[in-house]
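Participant: Input structure: target_39.cif, which contains mmCIF, C-alpha atoms.
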```cif
data_start
#
loop_
_atom_site.group_PDB
_atom_site.id
_atom_site.type_symbol
_atom_site.label_atom_id
_atom_site.label_comp_id
_atom_site.auth_asym_id
_atom_site.auth_seq_id
_atom_site.Cartn_x
_atom_site.Cartn_y
_atom_site.Cartn_z
ATOM 1 C CA MET A 1 -16.583 -25.453 -17.284
ATOM 2 C CA ALA A 2 -13.117 -26.859 -16.640
ATOM 3 C CA ASP A 3 -12.556 -29.047 -13.613
ATOM 4 C CA TRP A 4 -11.227 -26.969 -10.739
ATOM 5 C CA GLU A 5 -10.404 -27.379 -7.081
ATOM 6 C CA LEU A 6 -9.341 -25.292 -4.127
ATOM 7 C CA ARG A 7 -6.312 -26.058 -2.022
ATOM 8 C CA ALA A 8 -5.008 -24.267 1.033
ATOM 9 C CA ALA A 9 -2.500 -21.569 0.156
ATOM 10 C CA SER A 10 0.997 -21.514 1.593
ATOM 11 C CA ALA A 11 3.573 -18.756 1.968
ATOM 12 C CA GLU A 12 5.266 -20.104 -1.171
ATOM 13 C CA ASP A 13 2.228 -19.057 -3.259
ATOM 14 C CA VAL A 14 2.695 -15.341 -2.633
ATOM 15 C CA GLU A 15 4.745 -14.541 -5.742
ATOM 16 C CA ALA A 16 2.405 -16.397 -8.122
ATOM 17 C CA VAL A 17 -0.550 -14.569 -6.582
ATOM 18 C CA ALA A 18 1.248 -11.205 -6.734
ATOM 19 C CA GLU A 19 1.987 -11.719 -10.433
ATOM 20 C CA LEU A 20 -1.594 -12.741 -11.184
ATOM 21 C CA ARG A 21 -2.889 -9.679 -9.312
ATOM 22 C CA ALA A 22 -0.690 -7.405 -11.439
ATOM 23 C CA VAL A 23 -2.040 -8.954 -14.644
ATOM 24 C CA VAL A 24 -5.704 -9.006 -13.617
ATOM 25 C CA LEU A 25 -5.850 -5.483 -12.163
ATOM 26 C CA ARG A 26 -3.623 -3.720 -14.678
ATOM 27 C CA ALA A 27 -6.323 -2.453 -17.088
ATOM 28 C CA ASP A 28 -8.579 -1.149 -14.300
ATOM 29 C CA LEU A 29 -5.705 0.477 -12.420
ATOM 30 C CA GLU A 30 -4.384 2.091 -15.601
ATOM 31 C CA ARG A 31 -7.864 3.404 -16.422
ATOM 32 C CA LEU A 32 -8.008 4.950 -12.940
ATOM 33 C CA GLY A 33 -4.472 6.336 -13.258
ATOM 34 C CA ARG A 34 -3.327 4.169 -10.342
ATOM 35 C CA TYR A 35 -1.134 1.475 -11.897
ATOM 36 C CA ASP A 36 2.325 1.136 -10.408
ATOM 37 C CA GLU A 37 4.138 -2.044 -11.418
ATOM 38 C CA ARG A 38 5.938 -2.428 -8.082
ATOM 39 C CA ARG A 39 3.141 -1.279 -5.795
ATOM 40 C CA VAL A 40 0.478 -3.591 -7.287
ATOM 41 C CA ARG A 41 2.624 -6.589 -6.332
ATOM 42 C CA GLN A 42 3.839 -5.234 -2.987
ATOM 43 C CA ARG A 43 0.322 -4.503 -1.733
ATOM 44 C CA LEU A 44 -0.512 -8.164 -2.273
ATOM 45 C CA ARG A 45 2.650 -9.317 -0.520
ATOM 46 C CA ASP A 46 1.904 -7.020 2.431
ATOM 47 C CA GLY A 47 -1.649 -8.332 2.827
ATOM 48 C CA PHE A 48 -1.174 -12.008 1.951
ATOM 49 C CA ALA A 49 -2.466 -14.275 4.729
ATOM 50 C CA PRO A 50 -2.099 -17.937 3.724
ATOM 51 C CA ALA A 51 -4.270 -19.054 6.659
ATOM 52 C CA TYR A 52 -7.330 -17.452 5.013
ATOM 53 C CA THR A 53 -6.385 -18.007 1.372
ATOM 54 C CA TRP A 54 -7.061 -20.768 -1.132
ATOM 55 C CA VAL A 55 -5.421 -21.386 -4.461
ATOM 56 C CA VAL A 56 -7.653 -22.245 -7.410
ATOM 57 C CA GLU A 57 -6.198 -25.028 -9.520
ATOM 58 C CA VAL A 58 -7.418 -26.109 -12.936
ATOM 59 C CA GLY A 59 -6.005 -29.370 -14.183
ATOM 60 C CA GLY A 60 -3.598 -29.375 -11.237
ATOM 61 C CA THR A 61 -2.120 -26.019 -12.271
ATOM 62 C CA PHE A 62 -2.244 -22.651 -10.486
ATOM 63 C CA ALA A 63 -5.143 -20.661 -11.956
ATOM 64 C CA GLY A 64 -6.109 -18.174 -9.272
ATOM 65 C CA CYS A 65 -6.755 -17.500 -5.638
ATOM 66 C CA VAL A 66 -9.292 -16.179 -3.183
ATOM 67 C CA ALA A 67 -9.173 -15.163 0.483
ATOM 68 C CA LEU A 68 -11.926 -15.009 3.072
ATOM 69 C CA ARG A 69 -10.595 -13.098 6.063
ATOM 70 C CA PRO A 70 -12.645 -13.010 9.265
ATOM 71 C CA ALA A 71 -13.317 -9.628 10.856
ATOM 72 C CA ALA A 72 -15.414 -8.484 13.806
ATOM 73 C CA ASP A 73 -18.737 -8.202 11.963
ATOM 74 C CA ALA A 74 -18.203 -10.000 8.652
ATOM 75 C CA HIS A 75 -15.783 -11.892 6.461
ATOM 76 C CA TRP A 76 -13.800 -9.932 3.872
ATOM 77 C CA LEU A 77 -13.597 -11.500 0.431
ATOM 78 C CA GLU A 78 -10.157 -10.508 -0.815
ATOM 79 C CA HIS A 79 -7.596 -11.336 -3.482
ATOM 80 C CA PHE A 80 -10.105 -13.044 -5.764
ATOM 81 C CA TYR A 81 -8.145 -13.378 -8.983
ATOM 82 C CA LEU A 82 -8.520 -15.844 -11.813
ATOM 83 C CA ALA A 83 -6.208 -16.185 -14.809
ATOM 84 C CA PRO A 84 -7.656 -14.085 -17.656
ATOM 85 C CA HIS A 85 -7.950 -17.007 -20.069
ATOM 86 C CA LEU A 86 -10.408 -18.600 -17.620
ATOM 87 C CA HIS A 87 -12.685 -15.555 -17.244
ATOM 88 C CA GLY A 88 -16.243 -16.179 -18.377
ATOM 89 C CA GLY A 89 -16.013 -19.953 -18.079
ATOM 90 C CA GLY A 90 -17.979 -20.326 -14.842
ATOM 91 C CA ILE A 91 -15.069 -21.109 -12.517
ATOM 92 C CA GLY A 92 -15.190 -17.728 -10.749
ATOM 93 C CA THR A 93 -18.926 -18.085 -10.220
ATOM 94 C CA ALA A 94 -18.499 -21.606 -8.843
ATOM 95 C CA VAL A 95 -15.741 -20.552 -6.441
ATOM 96 C CA LEU A 96 -17.780 -17.570 -5.268
ATOM 97 C CA ARG A 97 -20.877 -19.725 -4.794
ATOM 98 C CA ALA A 98 -18.931 -22.180 -2.595
ATOM 99 C CA LEU A 99 -17.732 -19.322 -0.370
ATOM 100 C CA LEU A 100 -21.186 -17.748 -0.204
ATOM 101 C CA ASP A 101 -22.731 -21.081 0.787
ATOM 102 C CA ARG A 102 -20.221 -21.404 3.612
ATOM 103 C CA CYS A 103 -20.959 -17.909 4.920
ATOM 104 C CA ASP A 104 -24.719 -18.463 4.569
ATOM 105 C CA ARG A 105 -24.465 -21.604 6.735
ATOM 106 C CA ASP A 106 -22.471 -19.635 9.327
ATOM 107 C CA GLY A 107 -24.825 -16.638 9.147
ATOM 108 C CA THR A 108 -21.906 -14.352 8.306
ATOM 109 C CA PRO A 109 -22.126 -11.235 6.114
ATOM 110 C CA ILE A 110 -19.428 -10.757 3.476
ATOM 111 C CA ARG A 111 -17.759 -7.496 2.547
ATOM 112 C CA LEU A 112 -15.452 -6.724 -0.361
ATOM 113 C CA ASN A 113 -14.243 -3.904 -2.501
ATOM 114 C CA VAL A 114 -13.781 -3.638 -6.250
ATOM 115 C CA LEU A 115 -12.238 -0.933 -8.357
ATOM 116 C CA GLN A 116 -14.603 1.595 -9.924
ATOM 117 C CA GLY A 117 -15.641 0.328 -13.365
ATOM 118 C CA SER A 118 -14.452 -3.232 -12.771
ATOM 119 C CA PRO A 119 -16.490 -5.885 -14.599
ATOM 120 C CA ALA A 120 -16.181 -8.030 -11.442
ATOM 121 C CA ARG A 121 -18.782 -5.812 -9.806
ATOM 122 C CA ARG A 122 -21.491 -7.370 -11.996
ATOM 123 C CA LEU A 123 -20.542 -10.853 -10.758
ATOM 124 C CA TYR A 124 -20.886 -9.761 -7.151
ATOM 125 C CA GLU A 125 -24.155 -7.928 -7.698
ATOM 126 C CA ARG A 126 -25.626 -11.009 -9.416
ATOM 127 C CA HIS A 127 -24.902 -12.872 -6.174
ATOM 128 C CA GLY A 128 -26.647 -10.430 -3.865
ATOM 129 C CA PHE A 129 -23.937 -7.909 -3.015
ATOM 130 C CA THR A 130 -25.078 -4.304 -2.681
ATOM 131 C CA VAL A 131 -23.136 -1.053 -2.542
ATOM 132 C CA GLU A 132 -22.337 0.078 0.966
ATOM 133 C CA THR A 133 -20.055 3.022 0.135
ATOM 134 C CA GLU A 134 -17.834 4.185 -2.691
ATOM 135 C CA ASP A 135 -15.123 6.668 -3.446
ATOM 136 C CA PRO A 136 -13.405 7.719 -6.689
ATOM 137 C CA VAL A 137 -11.310 4.516 -6.743
ATOM 138 C CA ASP A 138 -13.179 1.782 -4.832
ATOM 139 C CA VAL A 139 -16.705 0.462 -4.465
ATOM 140 C CA PHE A 140 -17.392 -1.300 -1.157
ATOM 141 C CA LEU A 141 -20.044 -4.004 -1.295
ATOM 142 C CA VAL A 142 -21.761 -6.117 1.332
ATOM 143 C CA ARG A 143 -23.868 -9.263 1.196
ATOM 144 C CA GLU A 144 -26.005 -10.377 4.108
ATOM 145 C CA PRO A 145 -26.327 -14.134 4.602
ATOM 146 C CA ASN A 146 -29.109 -15.854 2.739
ATOM 147 C CA ARG A 147 -31.309 -17.042 5.589
ATOM 148 C CA THR A 148 -32.991 -19.725 3.463
ATOM 149 C CA SER A 149 -29.601 -21.477 3.108
ATOM 150 C CA MET A 150 -28.996 -21.633 6.837
#
```
Could I get this structure in the form of structure tokens?

Facilitator:
Amino acid sequence: MADWELRAASAEDVEAVAELRAVVLRADLERLGRYDERRVRQRLRDGFAPAYTWVVEVGGTFAGCVALRPAADAHWLEHFYLAPHLHGGGIGTAVLRALLDRCDRDGTPIRLNVLQGSPARRLYERHGFTVETEDPVDVFLVREPNRTSM
């Protein structure tokens, strides 16, 4: 696995994240008949919250991002994107594990949604996420804190 690190996101990261989102989600959105080149980027811009977002860097270079937004009863794992050439190398798993450990220590459940048919769903299910609800486009997953880590 390549060396990676997380750094706090800033407002200046929004365009790099929006572009990465468009690349990473394109195949799934096209398969679902939902891809719109402008909308895929604008939805990210509209929901980007640097205060809850980290940038993943590999070798000091932008490689992805992830957000963990607090809500009333859980944290929402959002905008978890990694450059395609890094998929399958263990970085996504390591980043996810670090966030899960944090939420386990805090006793906080985590919620997220993935697109129907997304291979990312397998990653989340391997780490204890279960289906809460789903619709024709999205699958909503939840993971209760691991009490043995607390």

Participant: Output the residue selection produced by the PyMOL selection byres ((chain A and resi 8) around 10) on the file above, formatted as a ChimeraX atom specification.

Facilitator: /A:6-7,9-10,13,50-56,65

Participant: Where does region 13-47 of chain A meet region 69-90 of chain A within 9 Å, residue by residue, with the nearest atom pair and distance in Å to one decimal for each, counting all atoms listed in the file, listed by chain and rising number, as a Markdown table?

Facilitator:
```
| residue | atom | partner | partner_atom | distance |
| --- | --- | --- | --- | --- |
| A:Val17 | CA | A:Tyr81 | CA | 8.1 |
| A:Leu20 | CA | A:Ala83 | CA | 6.8 |
| A:Arg21 | CA | A:Tyr81 | CA | 6.4 |
| A:Val23 | CA | A:Pro84 | CA | 8.2 |
| A:Val24 | CA | A:Pro84 | CA | 6.8 |
| A:Leu25 | CA | A:Tyr81 | CA | 8.8 |
| A:Leu44 | CA | A:His79 | CA | 7.9 |
```

Participant: So which one's closest to Leu96 (chain A), A:Ala18, A:Ser118, A:Leu123, A:Thr61? Using only C-alpha atoms, please.

Facilitator: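 Ranked by minimum distance to Leu96 (chain A), first place goes to A:Leu123.
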
Participant: So, counting only C-alpha atoms, which residue among A:Val14, A:Asp104, A:Gly47, A:Ala94 is closest to Phe62 (chain A)?

Facilitator: A:Val14

Participant: CA of Glu57 (chain A) and CA of Asp36 (chain A) are how many Å apart?

Facilitator: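 For CA of Glu57 (chain A) relative to CA of Asp36 (chain A), the distance reads 27.5 Å.
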
Participant: By how many Å are CA of Glu37 (chain A) and CA of Glu15 (chain A) apart?

Facilitator: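 For CA of Glu37 (chain A) relative to CA of Glu15 (chain A), the distance reads 13.7 Å.
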
Participant: When you write region 70-101 of chain A out from the block above, keep N, CA and C atoms and present the result as a PDB file, in the first residue's frame, please.

Facilitator:
```pdb
ATOM      1  N   PRO A  70     -21.397  15.331  11.340  1.00  0.00           N
ATOM      2  CA  PRO A  70     -22.239  14.985  12.493  1.00  0.00           C
ATOM      3  C   PRO A  70     -23.700  15.317  12.235  1.00  0.00           C
ATOM      4  N   ALA A  71     -24.568  14.449  12.745  1.00  0.00           N
ATOM      5  CA  ALA A  71     -26.016  14.656  12.698  1.00  0.00           C
ATOM      6  C   ALA A  71     -26.564  14.314  14.080  1.00  0.00           C
ATOM      7  N   ALA A  72     -27.851  14.439  14.253  1.00  0.00           N
ATOM      8  CA  ALA A  72     -28.464  14.254  15.571  1.00  0.00           C
ATOM      9  C   ALA A  72     -28.194  12.881  16.170  1.00  0.00           C
ATOM     10  N   ASP A  73     -28.282  11.813  15.362  1.00  0.00           N
ATOM     11  CA  ASP A  73     -28.184  10.471  15.926  1.00  0.00           C
ATOM     12  C   ASP A  73     -27.032   9.639  15.364  1.00  0.00           C
ATOM     13  N   ALA A  74     -26.197  10.248  14.540  1.00  0.00           N
ATOM     14  CA  ALA A  74     -25.111   9.500  13.902  1.00  0.00           C
ATOM     15  C   ALA A  74     -24.179  10.483  13.206  1.00  0.00           C
ATOM     16  N   HIS A  75     -23.120   9.945  12.640  1.00  0.00           N
ATOM     17  CA  HIS A  75     -22.289  10.703  11.706  1.00  0.00           C
ATOM     18  C   HIS A  75     -22.605  10.160  10.319  1.00  0.00           C
ATOM     19  N   TRP A  76     -22.604  11.042   9.320  1.00  0.00           N
ATOM     20  CA  TRP A  76     -22.801  10.647   7.936  1.00  0.00           C
ATOM     21  C   TRP A  76     -21.458  10.611   7.232  1.00  0.00           C
ATOM     22  N   LEU A  77     -21.110   9.456   6.714  1.00  0.00           N
ATOM     23  CA  LEU A  77     -19.905   9.290   5.908  1.00  0.00           C
ATOM     24  C   LEU A  77     -20.284   9.706   4.488  1.00  0.00           C
ATOM     25  N   GLU A  78     -19.631  10.748   3.999  1.00  0.00           N
ATOM     26  CA  GLU A  78     -20.007  11.323   2.711  1.00  0.00           C
ATOM     27  C   GLU A  78     -18.761  11.601   1.877  1.00  0.00           C
ATOM     28  N   HIS A  79     -18.980  11.762   0.594  1.00  0.00           N
ATOM     29  CA  HIS A  79     -17.929  12.205  -0.333  1.00  0.00           C
ATOM     30  C   HIS A  79     -16.638  11.411  -0.186  1.00  0.00           C
ATOM     31  N   PHE A  80     -16.775  10.100  -0.092  1.00  0.00           N
ATOM     32  CA  PHE A  80     -15.607   9.224   0.036  1.00  0.00           C
ATOM     33  C   PHE A  80     -15.203   8.784  -1.358  1.00  0.00           C
ATOM     34  N   TYR A  81     -14.243   9.484  -1.918  1.00  0.00           N
ATOM     35  CA  TYR A  81     -13.784   9.227  -3.280  1.00  0.00           C
ATOM     36  C   TYR A  81     -12.271   9.070  -3.270  1.00  0.00           C
ATOM     37  N   LEU A  82     -11.806   8.123  -4.036  1.00  0.00           N
ATOM     38  CA  LEU A  82     -10.383   7.870  -4.185  1.00  0.00           C
ATOM     39  C   LEU A  82     -10.091   7.752  -5.672  1.00  0.00           C
ATOM     40  N   ALA A  83      -8.986   8.331  -6.110  1.00  0.00           N
ATOM     41  CA  ALA A  83      -8.623   8.284  -7.527  1.00  0.00           C
ATOM     42  C   ALA A  83      -8.648   6.832  -8.012  1.00  0.00           C
ATOM     43  N   PRO A  84      -9.246   6.582  -9.170  1.00  0.00           N
ATOM     44  CA  PRO A  84      -9.412   5.211  -9.660  1.00  0.00           C
ATOM     45  C   PRO A  84      -8.125   4.392  -9.719  1.00  0.00           C
ATOM     46  N   HIS A  85      -7.002   5.005 -10.039  1.00  0.00           N
ATOM     47  CA  HIS A  85      -5.771   4.222 -10.123  1.00  0.00           C
ATOM     48  C   HIS A  85      -5.305   3.715  -8.759  1.00  0.00           C
ATOM     49  N   LEU A  86      -5.923   4.195  -7.691  1.00  0.00           N
ATOM     50  CA  LEU A  86      -5.566   3.744  -6.341  1.00  0.00           C
ATOM     51  C   LEU A  86      -6.567   2.731  -5.777  1.00  0.00           C
ATOM     52  N   HIS A  87      -7.652   2.477  -6.495  1.00  0.00           N
ATOM     53  CA  HIS A  87      -8.644   1.502  -6.016  1.00  0.00           C
ATOM     54  C   HIS A  87      -7.999   0.122  -5.903  1.00  0.00           C
ATOM     55  N   GLY A  88      -8.355  -0.581  -4.843  1.00  0.00           N
ATOM     56  CA  GLY A  88      -7.867  -1.943  -4.653  1.00  0.00           C
ATOM     57  C   GLY A  88      -6.498  -2.041  -4.017  1.00  0.00           C
ATOM     58  N   GLY A  89      -5.912  -0.914  -3.659  1.00  0.00           N
ATOM     59  CA  GLY A  89      -4.575  -0.923  -3.070  1.00  0.00           C
ATOM     60  C   GLY A  89      -4.539  -0.846  -1.557  1.00  0.00           C
ATOM     61  N   GLY A  90      -5.704  -0.805  -0.917  1.00  0.00           N
ATOM     62  CA  GLY A  90      -5.768  -0.796   0.542  1.00  0.00           C
ATOM     63  C   GLY A  90      -5.898   0.580   1.170  1.00  0.00           C
ATOM     64  N   ILE A  91      -5.744   1.636   0.396  1.00  0.00           N
ATOM     65  CA  ILE A  91      -5.833   2.986   0.968  1.00  0.00           C
ATOM     66  C   ILE A  91      -7.258   3.271   1.434  1.00  0.00           C
ATOM     67  N   GLY A  92      -8.257   2.968   0.608  1.00  0.00           N
ATOM     68  CA  GLY A  92      -9.644   3.210   1.003  1.00  0.00           C
ATOM     69  C   GLY A  92     -10.007   2.468   2.274  1.00  0.00           C
ATOM     70  N   THR A  93      -9.574   1.225   2.375  1.00  0.00           N
ATOM     71  CA  THR A  93      -9.831   0.441   3.583  1.00  0.00           C
ATOM     72  C   THR A  93      -9.163   1.077   4.797  1.00  0.00           C
ATOM     73  N   ALA A  94      -7.930   1.537   4.639  1.00  0.00           N
ATOM     74  CA  ALA A  94      -7.212   2.146   5.753  1.00  0.00           C
ATOM     75  C   ALA A  94      -7.873   3.450   6.199  1.00  0.00           C
ATOM     76  N   VAL A  95      -8.287   4.266   5.255  1.00  0.00           N
ATOM     77  CA  VAL A  95      -8.977   5.514   5.594  1.00  0.00           C
ATOM     78  C   VAL A  95     -10.291   5.203   6.311  1.00  0.00           C
ATOM     79  N   LEU A  96     -11.055   4.275   5.775  1.00  0.00           N
ATOM     80  CA  LEU A  96     -12.320   3.900   6.400  1.00  0.00           C
ATOM     81  C   LEU A  96     -12.088   3.374   7.806  1.00  0.00           C
ATOM     82  N   ARG A  97     -11.103   2.522   7.980  1.00  0.00           N
ATOM     83  CA  ARG A  97     -10.814   1.954   9.299  1.00  0.00           C
ATOM     84  C   ARG A  97     -10.492   3.059  10.321  1.00  0.00           C
ATOM     85  N   ALA A  98      -9.720   4.060   9.912  1.00  0.00           N
ATOM     86  CA  ALA A  98      -9.391   5.165  10.821  1.00  0.00           C
ATOM     87  C   ALA A  98     -10.653   5.913  11.255  1.00  0.00           C
ATOM     88  N   LEU A  99     -11.583   6.133  10.323  1.00  0.00           N
ATOM     89  CA  LEU A  99     -12.825   6.821  10.675  1.00  0.00           C
ATOM     90  C   LEU A  99     -13.715   5.950  11.555  1.00  0.00           C
ATOM     91  N   LEU A 100     -13.770   4.664  11.251  1.00  0.00           N
ATOM     92  CA  LEU A 100     -14.576   3.752  12.072  1.00  0.00           C
ATOM     93  C   LEU A 100     -14.026   3.680  13.493  1.00  0.00           C
ATOM     94  N   ASP A 101     -12.718   3.619  13.630  1.00  0.00           N
ATOM     95  CA  ASP A 101     -12.112   3.579  14.965  1.00  0.00           C
ATOM     96  C   ASP A 101     -12.490   4.820  15.768  1.00  0.00           C
TER      97      ASP A 101
END
```
